[in-house]
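Undergrad: Enclosed is the structure file run38.txt (compact mmCIF, C-alpha atoms).
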# COMPACT_ATOMS: atom_id res chain seq x y z
CA MET O 1069 -31.58 19.16 48.41
CA ILE O 1070 -29.51 20.93 45.72
CA SER O 1071 -30.72 24.45 45.03
CA LYS O 1072 -31.27 25.64 41.49
CA LYS O 1073 -28.31 27.97 41.90
CA ASN O 1074 -25.98 25.18 43.07
CA PHE O 1075 -27.27 22.88 40.35
CA LEU O 1076 -26.52 25.54 37.72
CA VAL O 1077 -22.96 25.96 39.06
CA PHE O 1078 -22.48 22.17 39.06
CA PHE O 1079 -23.81 21.88 35.51
CA LEU O 1080 -21.56 24.66 34.19
CA CYS O 1081 -18.47 23.12 35.86
CA PHE O 1082 -19.30 19.70 34.45
CA ALA O 1083 -19.83 21.11 30.97
CA LEU O 1084 -16.64 23.18 31.14
CA PHE O 1085 -14.30 20.52 32.52
CA GLY O 1086 -16.01 17.64 30.74
CA CYS O 1087 -15.55 19.30 27.36
CA ARG O 1088 -12.02 20.35 28.23
CA SER O 1089 -11.17 16.79 29.23
CA LYS O 1090 -12.52 15.52 25.91
CA GLU O 1091 -10.60 18.17 24.00
CA ASN O 1092 -7.35 17.28 25.81
CA LYS O 1093 -7.64 13.58 25.08
CA LYS O 1094 -4.68 12.48 22.99
CA LYS O 1095 -5.51 11.31 19.47
CA LEU O 1096 -4.19 11.06 15.94
CA VAL O 1097 -5.68 10.62 12.47
CA LEU O 1098 -4.23 7.87 10.29
CA TYR O 1099 -4.68 7.80 6.50
CA THR O 1100 -3.99 4.29 5.22
CA ASP O 1101 -4.83 1.76 2.52
CA THR O 1102 -3.72 -1.29 4.52
CA PRO O 1103 -6.35 -4.04 5.02
CA GLU O 1104 -8.89 -3.10 7.69
CA SER O 1105 -8.35 -5.97 10.13
CA LEU O 1106 -4.56 -5.56 9.97
CA THR O 1107 -4.88 -1.81 10.50
CA LEU O 1108 -7.12 -2.34 13.52
CA GLN O 1109 -4.71 -4.86 15.04
CA LEU O 1110 -1.99 -2.22 14.85
CA THR O 1111 -4.04 0.73 16.07
CA ASN O 1112 -5.61 -1.26 18.92
CA LEU O 1113 -2.15 -2.27 20.15
CA PHE O 1114 -0.94 1.31 19.81
CA GLU O 1115 -3.93 2.66 21.76
CA LYS O 1116 -3.39 0.06 24.47
CA THR O 1117 0.35 0.82 24.67
CA HIS O 1118 0.25 4.62 24.52
CA GLY O 1119 -3.30 5.58 25.50
CA ILE O 1120 -3.70 7.57 22.28
CA GLU O 1121 -6.93 7.24 20.31
CA VAL O 1122 -6.50 6.57 16.58
CA GLU O 1123 -9.05 7.64 13.98
CA GLU O 1124 -8.50 5.46 10.91
CA VAL O 1125 -9.37 6.71 7.42
CA MET O 1126 -9.05 3.65 5.15
CA GLU O 1127 -9.32 4.30 1.42
CA GLY O 1128 -7.38 3.66 -1.81
CA THR O 1129 -3.99 5.31 -2.21
CA SER O 1130 -4.98 7.61 -5.09
CA TRP O 1131 -7.97 8.87 -3.10
CA LEU O 1132 -5.86 9.48 0.01
CA MET O 1133 -3.18 11.35 -1.94
CA SER O 1134 -5.83 13.57 -3.55
CA ARG O 1135 -7.34 14.27 -0.16
CA MET O 1136 -3.97 15.23 1.38
CA ARG O 1137 -3.33 17.60 -1.52
CA ALA O 1138 -6.74 19.21 -1.01
CA GLU O 1139 -6.11 19.53 2.74
CA LYS O 1140 -2.49 20.71 2.45
CA ALA O 1141 -3.15 24.18 3.88
CA TYR O 1142 -5.25 22.76 6.74
CA PRO O 1143 -4.23 19.12 7.26
CA ILE O 1144 -6.56 16.64 8.93
CA ALA O 1145 -4.27 13.60 8.79
CA ASP O 1146 -1.30 13.12 11.10
CA VAL O 1147 0.21 9.98 9.57
CA PHE O 1148 0.15 8.50 6.09
CA MET O 1149 0.74 4.74 5.91
CA GLY O 1150 0.74 3.45 2.34
CA ALA O 1151 0.61 -0.20 1.30
CA SER O 1152 0.77 0.31 -2.46
CA GLY O 1153 4.51 0.81 -2.89
CA THR O 1154 7.16 3.48 -2.71
CA VAL O 1155 5.80 6.01 -5.21
CA PRO O 1156 3.26 7.76 -2.91
CA GLY O 1157 6.10 8.36 -0.43
CA VAL O 1158 8.36 9.84 -3.12
CA VAL O 1159 5.54 11.97 -4.56
CA GLY O 1160 4.41 13.15 -1.12
CA ALA O 1161 7.96 14.17 -0.20
CA LYS O 1162 8.42 16.11 -3.45
CA GLU O 1163 5.10 17.91 -2.97
CA ASP O 1164 5.89 18.73 0.69
CA LEU O 1165 2.90 16.76 1.90
CA PHE O 1166 5.24 15.15 4.46
CA GLU O 1167 7.83 16.54 6.83
CA SER O 1168 11.07 15.08 8.15
CA TYR O 1169 11.14 12.70 11.08
CA THR O 1170 13.82 10.17 12.03
CA PRO O 1171 12.29 7.24 13.95
CA LYS O 1172 13.90 6.46 17.29
CA GLU O 1173 16.52 3.69 17.18
CA TRP O 1174 16.48 3.68 13.38
CA GLU O 1175 18.93 6.54 12.88
CA ASN O 1176 21.31 4.22 10.98
CA MET O 1177 18.78 3.12 8.36
CA PRO O 1178 20.45 3.57 4.94
CA VAL O 1179 18.69 5.29 2.07
CA ARG O 1180 18.96 2.17 -0.12
CA ASP O 1181 19.48 -1.55 0.23
CA GLY O 1182 20.33 -2.83 -3.25
CA LYS O 1183 17.26 -2.29 -5.44
CA PHE O 1184 15.14 -1.28 -2.44
CA LEU O 1185 14.64 2.38 -1.53
CA LEU O 1186 14.28 2.34 2.27
CA ARG O 1187 13.63 5.98 3.05
CA ASP O 1188 13.61 9.53 1.81
CA GLN O 1189 17.07 11.08 1.95
CA ASN O 1190 15.65 13.80 4.22
CA TRP O 1191 13.60 11.35 6.31
CA LYS O 1192 10.26 12.55 4.94
CA TRP O 1193 9.18 8.91 4.91
CA VAL O 1194 10.60 5.55 5.95
CA THR O 1195 9.62 2.02 5.00
CA PHE O 1196 7.60 -0.15 7.38
CA GLY O 1197 7.48 -3.16 5.02
CA PHE O 1198 7.77 -4.36 1.43
CA ALA O 1199 5.53 -5.82 -1.27
CA SER O 1200 5.80 -7.25 -4.77
CA LEU O 1201 3.38 -6.80 -7.67
CA GLY O 1202 2.39 -10.06 -9.33
CA LEU O 1203 -0.46 -12.24 -10.56
CA ALA O 1204 -3.09 -14.17 -8.64
CA TYR O 1205 -4.33 -17.37 -10.27
CA SER O 1206 -6.13 -20.55 -9.27
CA LYS O 1207 -5.03 -24.07 -10.15
CA LYS O 1208 -8.73 -24.84 -10.62
CA THR O 1209 -8.68 -22.85 -13.88
CA LEU O 1210 -5.00 -22.39 -14.77
CA GLN O 1211 -1.90 -24.56 -14.41
CA PRO O 1212 1.58 -23.12 -13.69
CA GLN O 1213 2.96 -24.17 -17.09
CA ASP O 1214 0.24 -22.11 -18.80
CA LEU O 1215 0.99 -18.86 -16.99
CA PRO O 1216 2.21 -15.84 -19.00
CA LYS O 1217 6.00 -15.89 -19.06
CA THR O 1218 6.33 -12.08 -19.20
CA TRP O 1219 4.19 -9.09 -18.31
CA GLU O 1220 3.97 -8.24 -22.00
CA ASN O 1221 2.16 -11.56 -22.61
CA LEU O 1222 -0.87 -10.10 -20.80
CA ALA O 1223 -1.78 -8.29 -24.03
CA ASP O 1224 -1.97 -11.58 -25.97
CA PRO O 1225 -5.44 -12.45 -27.36
CA GLN O 1226 -5.57 -15.70 -25.34
CA TRP O 1227 -6.21 -13.63 -22.18
CA LYS O 1228 -9.21 -11.72 -23.57
CA GLY O 1229 -11.82 -11.46 -20.80
CA GLU O 1230 -9.57 -13.36 -18.38
CA ILE O 1231 -7.96 -10.50 -16.40
CA THR O 1232 -9.07 -8.19 -13.61
CA ILE O 1233 -7.40 -5.26 -11.86
CA TRP O 1234 -8.40 -2.48 -9.48
CA ASP O 1235 -9.64 0.76 -11.06
CA PRO O 1236 -6.57 3.05 -11.54
CA SER O 1237 -8.69 6.14 -10.82
CA VAL O 1238 -8.81 5.15 -7.13
CA SER O 1239 -6.14 2.49 -6.75
CA GLY O 1240 -2.42 3.10 -6.27
CA THR O 1241 -1.80 -0.60 -6.96
CA ALA O 1242 -3.42 -0.39 -10.39
CA THR O 1243 -1.61 2.85 -11.22
CA LEU O 1244 1.65 1.24 -10.11
CA PHE O 1245 0.99 -1.60 -12.55
CA ILE O 1246 0.43 0.62 -15.59
CA ALA O 1247 3.33 2.94 -14.68
CA SER O 1248 5.75 0.05 -14.12
CA CYS O 1249 4.72 -1.40 -17.49
CA VAL O 1250 5.67 1.85 -19.20
CA LEU O 1251 8.94 1.98 -17.24
CA ARG O 1252 9.96 -1.49 -18.52
CA TYR O 1253 9.85 -0.14 -22.06
CA VAL O 1254 11.77 2.99 -21.02
CA ASN O 1255 14.42 0.82 -19.30
CA ARG O 1256 14.91 -1.08 -22.57
CA GLY O 1257 15.35 2.15 -24.51
CA GLU O 1258 12.01 1.75 -26.31
CA THR O 1259 9.42 4.45 -26.88
CA GLU O 1260 6.45 5.22 -24.68
CA GLY O 1261 4.34 4.71 -27.78
CA LYS O 1262 5.14 0.99 -27.72
CA ALA O 1263 4.26 0.89 -24.02
CA MET O 1264 0.90 2.51 -24.70
CA ASP O 1265 0.22 0.00 -27.49
CA PHE O 1266 0.82 -2.75 -24.95
CA LEU O 1267 -1.56 -1.10 -22.46
CA ARG O 1268 -4.27 -0.87 -25.13
CA GLY O 1269 -3.92 -4.59 -25.79
CA PHE O 1270 -3.92 -5.31 -22.07
CA TYR O 1271 -7.04 -3.18 -21.51
CA LYS O 1272 -8.93 -5.16 -24.16
CA ASN O 1273 -8.27 -8.31 -22.11
CA ILE O 1274 -9.77 -6.92 -18.88
CA LYS O 1275 -13.14 -8.46 -18.13
CA LYS O 1276 -13.99 -5.74 -15.61
CA TYR O 1277 -12.41 -3.80 -12.77
CA ALA O 1278 -12.38 -5.50 -9.37
CA GLU O 1279 -15.42 -4.17 -7.48
CA ASP O 1280 -16.84 -6.99 -5.33
CA GLY O 1281 -13.53 -7.65 -3.60
CA PRO O 1282 -9.82 -7.79 -4.41
CA PRO O 1283 -8.78 -9.20 -7.80
CA ALA O 1284 -8.11 -12.58 -6.14
CA PHE O 1285 -11.84 -12.77 -5.31
CA SER O 1286 -12.76 -12.86 -9.01
CA VAL O 1287 -9.98 -15.39 -9.64
CA ASN O 1288 -11.17 -17.64 -6.82
CA LYS O 1289 -14.77 -17.48 -8.07
CA GLY O 1290 -13.71 -18.48 -11.58
CA ILE O 1291 -14.85 -15.18 -13.10
CA VAL O 1292 -11.35 -14.56 -14.54
CA LYS O 1293 -8.07 -16.49 -14.64
CA LEU O 1294 -5.64 -13.72 -13.64
CA GLY O 1295 -5.73 -10.83 -11.16
CA ILE O 1296 -3.10 -8.08 -10.87
CA HIS O 1297 -2.13 -8.09 -7.21
CA LEU O 1298 0.29 -6.89 -4.59
CA ASP O 1299 1.37 -9.92 -2.60
CA ASN O 1300 0.30 -8.44 0.76
CA GLN O 1301 -3.27 -7.97 -0.55
CA PHE O 1302 -3.21 -11.49 -1.99
CA ILE O 1303 -1.93 -13.15 1.21
CA PHE O 1304 -4.47 -11.26 3.31
CA TYR O 1305 -7.35 -12.42 1.08
CA LYS O 1306 -6.11 -16.01 0.87
CA ASN O 1307 -5.76 -16.26 4.65
CA GLN O 1308 -9.44 -15.28 5.02
CA LEU O 1309 -10.71 -18.12 2.85
CA LYS O 1310 -12.59 -20.77 4.81
CA ASP O 1311 -12.74 -23.38 2.05
CA LYS O 1312 -9.45 -25.32 2.18
CA THR O 1313 -9.79 -26.44 -1.43
CA ASP O 1314 -10.06 -22.81 -2.58
CA GLN O 1315 -7.18 -21.78 -0.34
CA GLU O 1316 -4.85 -24.50 -1.62
CA ALA O 1317 -5.73 -23.79 -5.25
CA LEU O 1318 -5.19 -20.00 -5.05
CA CYS O 1319 -1.62 -19.08 -6.02
CA PHE O 1320 0.62 -16.07 -6.61
CA TYR O 1321 3.13 -15.72 -9.44
CA LEU O 1322 5.88 -13.22 -10.21
CA PRO O 1323 6.90 -12.96 -13.87
CA ASN O 1324 10.43 -11.76 -14.54
CA GLN O 1325 11.00 -8.01 -14.18
CA SER O 1326 8.35 -7.54 -11.48
CA ALA O 1327 8.05 -4.43 -9.32
CA ILE O 1328 9.20 -5.05 -5.74
CA LEU O 1329 8.81 -2.00 -3.52
CA SER O 1330 9.02 -0.59 -0.03
CA ASP O 1331 5.87 0.73 1.65
CA PRO O 1332 6.12 4.18 3.29
CA VAL O 1333 4.96 5.69 6.55
CA ALA O 1334 5.22 9.46 6.88
CA LEU O 1335 4.53 12.35 9.21
CA VAL O 1336 2.05 14.65 7.45
CA ALA O 1337 3.37 18.22 7.14
CA HIS O 1338 1.87 20.53 9.79
CA ALA O 1339 -0.02 17.61 11.32
CA PRO O 1340 -2.53 18.62 14.02
CA HIS O 1341 -1.04 16.03 16.43
CA PRO O 1342 2.68 15.80 15.51
CA GLU O 1343 3.98 14.27 18.76
CA GLU O 1344 1.35 11.54 18.70
CA ALA O 1345 2.17 10.94 15.01
CA LYS O 1346 5.88 10.51 15.78
CA LEU O 1347 5.04 8.01 18.49
CA PHE O 1348 2.97 6.00 15.98
CA ILE O 1349 5.81 5.95 13.44
CA ASP O 1350 8.21 4.78 16.17
CA PHE O 1351 5.68 2.14 17.20
CA LEU O 1352 5.26 0.84 13.64
CA LEU O 1353 8.95 -0.15 13.58
CA THR O 1354 8.93 -1.96 16.93
CA PRO O 1355 9.21 -5.77 17.03
CA GLU O 1356 5.61 -5.98 18.30
CA ALA O 1357 4.17 -4.04 15.35
CA GLN O 1358 6.50 -5.70 12.86
CA LYS O 1359 5.30 -9.10 14.06
CA ILE O 1360 1.73 -8.10 13.14
CA LEU O 1361 2.87 -6.73 9.78
CA SER O 1362 4.91 -9.84 9.00
CA SER O 1363 1.72 -11.84 8.49
CA THR O 1364 1.31 -10.18 5.08
CA PHE O 1365 4.28 -7.83 4.45
CA TRP O 1366 7.98 -8.45 3.91
CA ILE O 1367 9.90 -6.90 6.80
CA ARG O 1368 13.52 -5.77 7.25
CA SER O 1369 15.41 -5.94 10.54
CA LYS O 1370 17.78 -3.23 11.75
CA GLU O 1371 20.61 -5.53 10.71
CA GLY O 1372 19.31 -5.57 7.15
CA LYS O 1373 17.79 -9.06 7.02
CA ILE O 1374 14.67 -9.18 4.85
CA SER O 1375 12.05 -11.80 5.75
CA LEU O 1376 8.96 -12.77 3.79
CA PRO O 1377 5.71 -13.86 5.45
CA GLU O 1378 5.70 -17.57 6.28
CA SER O 1379 2.74 -18.09 3.94
CA HIS O 1380 4.37 -16.22 1.04
CA PRO O 1381 4.73 -18.43 -2.06
CA TYR O 1382 8.38 -17.35 -2.44
CA ALA O 1383 9.31 -17.41 1.26
CA LYS O 1384 11.90 -20.15 0.85
CA GLU O 1385 13.72 -18.47 -2.02
CA SER O 1386 13.66 -14.77 -1.08
CA ALA O 1387 17.31 -14.12 -1.96
CA GLY O 1388 16.87 -15.58 -5.44
CA LEU O 1389 13.56 -13.79 -5.82
CA ILE O 1390 15.12 -10.37 -5.24
CA LYS O 1391 17.98 -11.08 -7.63
CA ASP O 1392 16.09 -12.76 -10.45
CA LYS O 1393 12.60 -11.26 -10.37
CA ALA O 1394 12.97 -7.59 -9.39
CA MET O 1395 12.98 -4.91 -12.07
CA ASP O 1396 15.05 -1.73 -11.84
CA LEU O 1397 12.80 1.03 -10.59
CA ASP O 1398 13.62 4.69 -11.21
CA PHE O 1399 11.54 6.25 -8.44
CA ASN O 1400 12.16 9.82 -9.62
CA TRP O 1401 10.78 8.82 -13.03
CA LEU O 1402 7.82 7.06 -11.44
CA ALA O 1403 7.06 10.02 -9.17
CA ALA O 1404 7.22 12.45 -12.10
CA ASN O 1405 5.04 10.32 -14.39
CA PHE O 1406 2.70 8.43 -12.05
CA ASP O 1407 -0.29 10.77 -12.32
CA ARG O 1408 0.37 11.60 -15.98
CA ILE O 1409 0.21 7.93 -16.98
CA ARG O 1410 -2.95 7.38 -14.92
CA VAL O 1411 -4.65 10.34 -16.62
CA TYR O 1412 -3.50 9.05 -20.03
CA TRP O 1413 -5.01 5.66 -19.21
CA GLN O 1414 -8.32 7.26 -18.24
CA ASN O 1415 -8.47 9.56 -21.29
CA TYR O 1416 -6.95 7.46 -24.07
CA ILE O 1417 -6.89 3.77 -23.04
CA GLU O 1418 -10.26 3.23 -21.37
CA GLU O 1419 -13.16 2.97 -23.76
Can you present the structure in this file as C-alpha cells?

TA:
Amino acid sequence: MISKKNFLVFFLCFALFGCRSKENKKKLVLYTDTPESLTLQLTNLFEKTHGIEVEEVMEGTSWLMSRMRAEKAYPIADVFMGASGTVPGVVGAKEDLFESYTPKEWENMPVRDGKFLLRDQNWKWVTFGFASLGLAYSKKTLQPQDLPKTWENLADPQWKGEITIWDPSVSGTATLFIASCVLRYVNRGETEGKAMDFLRGFYKNIKKYAEDGPPAFSVNKGIVKLGIHLDNQFIFYKNQLKDKTDQEALCFYLPNQSAILSDPVALVAHAPHPEEAKLFIDFLLTPEAQKILSSTFWIRSKEGKISLPESHPYAKESAGLIKDKAMDLDFNWLAANFDRIRVYWQNYIEE
C-alpha cells in the first residue's frame, strides 16, 4: 500500500515533470490564409516529418496583418504564410514584422524572375508559390464571347448586380483587386481620380460581398455572373464540387493586364519558436510540400521552371500567359498605398 506521504511525493513529481514535458514539447504557430484542407495537409506532413506540433490560425490576410501589427512587441505567430499575393510580404518586411532567413538549399534564389518578385532582397520573405487574379464565371449563365474584355469593363452598366467580391476590410484578395485597378491607371500616366471613378462604377455593380463561400460559390449558384478570384482559391473550390455539370461549367478567365503574383512565407520577427519556424519554411520548399501546393498554386523549381496546376485553365499556355496577360506591378507603390486605398474604398466608395 502507498502511504499518503509517498503518494504526495509521487503526485508532485508527476505534476512537475508532466508539466515540464508539456512545456518542452516542440511547437510553432502558423498564421495563414491558405485553404483549410490544404493547410492541414501541409502541417500534418510537417508534424509527421519533424515531430513539431503546429497551431494553425487561419483568417483573411488583412486580419492577420492587423493582428501581427498589434502583437509586434510580443509576437504570438512564428510563421506567416500568405496566399493573397506579394504585397503582404513587402509590407511586412518594410514594417519589420518579419526577420531575415535564407531557406536551406535555396541560397541561389534570385530576387526577381522577369515580372515575378521571388523574395525580399534581405530574405525577409521568400515565395512558396504563385497566383493570378482573375474572374470566375459559369457557362450556365455566361458564354466566353460575352466576357468583359478588360478590367475597366466591370464598371459598365450591363454588369449591375452581376458581380461579387470578398469584403476588402478583411480580405487581402479584395484589397489587391482595388489597388491593382488603381495601379493600372497610374501605369498609363492617368490620375488616381479616374481610377476612383472606375471603382465607384464597379462598386455599383456589386450585388453583395461574398459571405456564404468564395465568390465562385455565388457564381456557381447563379446568384451573380462574375466573381473576383485568385486562381488558387478558384481551383480549390472547383475541385470540391461534387456535381460534374457544375464543375465542367465553372471557368476562370484572365483579362489582359491581370495581376500575377508570388505568395510569401516569412519568419515572424522575434518569433517565440524561431528554430521550429525555420524548419517549417525549409519544409515548405521541399518537393514533398511543393507537390501538395501544386494542386492549387503555381510552383517554381530551383532551376527556374514555373509550372501551373494540372487543372489550371491556362496550364497548357503558361509561357504565353505570363507574357501576354501579366501587368507590370510596382510592389513598392502597392506596399505604400495598399492600406490607404482600402481605407479610401471603405470611407468614400462604399455606400

Undergrad: Report as CSV the residues of region 1300-1416 of chain O within 12 Å of region 1224-1236 of chain O, each with its shortest atom pair and distance in Å (one decimal), using only C-alpha atoms, ordered by chain and increasing residue number.

TA:
residue,atom,partner,partner_atom,distance
O:Gln1301,CA,O:Trp1234,CA,11.7
O:Phe1406,CA,O:Pro1236,CA,10.7
O:Asp1407,CA,O:Pro1236,CA,10.0
O:Arg1408,CA,O:Pro1236,CA,11.9
O:Ile1409,CA,O:Pro1236,CA,10.0
O:Arg1410,CA,O:Pro1236,CA,6.6
O:Val1411,CA,O:Pro1236,CA,9.1
O:Tyr1412,CA,O:Pro1236,CA,10.8
O:Trp1413,CA,O:Pro1236,CA,8.3
O:Gln1414,CA,O:Pro1236,CA,8.1
O:Asn1415,CA,O:Pro1236,CA,11.9

Undergrad: Name the closest residue to Pro1381 (chain O) among the candidates O:Gly1157, O:Pro1171, O:Gly1202, O:Pro1143; distances are taken between atoms, counting all atoms listed in the file.

TA: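 Distance minimum relative to Pro1381 (chain O) lands on O:Gly1202.
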
Undergrad: For Ala1199 (chain O), which residue out of O:Ile1367, O:Ala1278, O:Met1395, O:Val1158 is the nearest one, using only C-alpha atoms?

TA: O:Ile1367

Undergrad: Need to verify the contact set: region 1127-1131 of chain O, 9 Å, all atoms listed in the file, exclusion of same-chain residues closer than 5 positions in sequence. Can you return it as a PyMOL selection string?

TA: chain O and resi 1099-1102+1136+1150-1152+1156+1236-1241+1243

Undergrad: Tell me, as an NGL selection string, which residues lie within 10 Å of Lys1093 (chain O), counting all atoms listed in the file; anything in the same chain fewer than 6 positions away does not count.

TA: :O and (1119-1121)

Undergrad: Counting only C-alpha atoms, which residue out of O:Ser1375, O:Asn1300, O:Ser1206, O:Ser1363 sits closest to Val1287 (chain O)?

TA: O:Ser1206

Undergrad: Using only C-alpha atoms, which residues sit within 10 Å of Leu1215 (chain O) once same-chain residues fewer than 3 positions away are excluded, as a ChimeraX atom specification?

TA: /O:1203,1205,1210-1212,1218,1221-1222,1293-1294,1321,1323

Undergrad: Identify which of the residues O:Asp1188, O:Glu1115, O:Asp1280, O:Glu1418 lies closest to Asn1400 (chain O), counting all atoms listed in the file when measuring atom-to-atom distances.

TA: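 Among O:Asp1188, O:Glu1115, O:Asp1280, O:Glu1418, it is O:Asp1188 that comes nearest to Asn1400 (chain O).
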
Undergrad: Between CA of Tyr1382 (chain O) and CA of Leu1201 (chain O), what is the spacing in Å?

TA: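 Atom-to-atom, CA of Leu1201 (chain O) to CA of Tyr1382 (chain O), that is 12.8 Å.
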
Undergrad: Please determine, counting all atoms listed in the file, which residue among O:Ile1291, O:Leu1113, O:Leu1353, O:Leu1165 has the shortest atom-to-atom distance to Ile1274 (chain O).

TA: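 That would be O:Ile1291, the residue with the smallest distance to Ile1274 (chain O).
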
Undergrad: Scan for residues within 9 Å of the point (-7.3, -22.2, -3.8) in the coordinates of the file, using all atoms listed in the file, and reply as number ranges by chain.

TA: O: 1205-1208, 1288, 1306, 1309, 1311-1319

Undergrad: Let me make sure I understand: among O:Phe1184, O:Phe1320, O:Tyr1142, O:Tyr1305, which one has the smallest atom-to-atom distance to Pro1103 (chain O) if we use only C-alpha atoms?

TA: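 With only C-alpha atoms as the atom set, the closest residue is O:Tyr1305.
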
Undergrad: Can you pull out the residues contacting Asn1112 (chain O)? Cut-off 12 Å, using all atoms listed in the file, and skip same-chain residues under 4 positions away; I want them as a list in words.

TA: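 Counting only the stated atoms, we get Glu1104, Ser1105, Leu1106, Thr1107, Leu1108, Lys1116, Thr1117, His1118, Gly1119, Ile1120, Glu1121, Val1122, Glu1123, Glu1124, Phe1348, Phe1351, Ala1357 and Ile1360 of chain O.
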
Undergrad: Quick one, how far is CA of Val1155 (chain O) from CA of Lys1359 (chain O)?

TA: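 Between CA of Val1155 (chain O) and CA of Lys1359 (chain O) the gap works out to 24.5 Å.
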
Undergrad: If I take CA of Ser1330 (chain O) and CA of Ala1394 (chain O), how far is one from the other in Å, to one decimal?

TA: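 Distance between the two atoms: 12.3 Å.
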
Undergrad: Residues within 10 Å of Lys1346 (chain O), please, as a list in words. Count only C-alpha atoms; anything in the same chain fewer than 3 positions from it doesn't count.

TA: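 Those residues are Asp1146, Val1147, Tyr1169, Thr1170, Pro1171, Lys1172, Ala1334, Leu1335, His1341, Pro1342, Glu1343, Ile1349, Asp1350, Phe1351 and Leu1352 of chain O.
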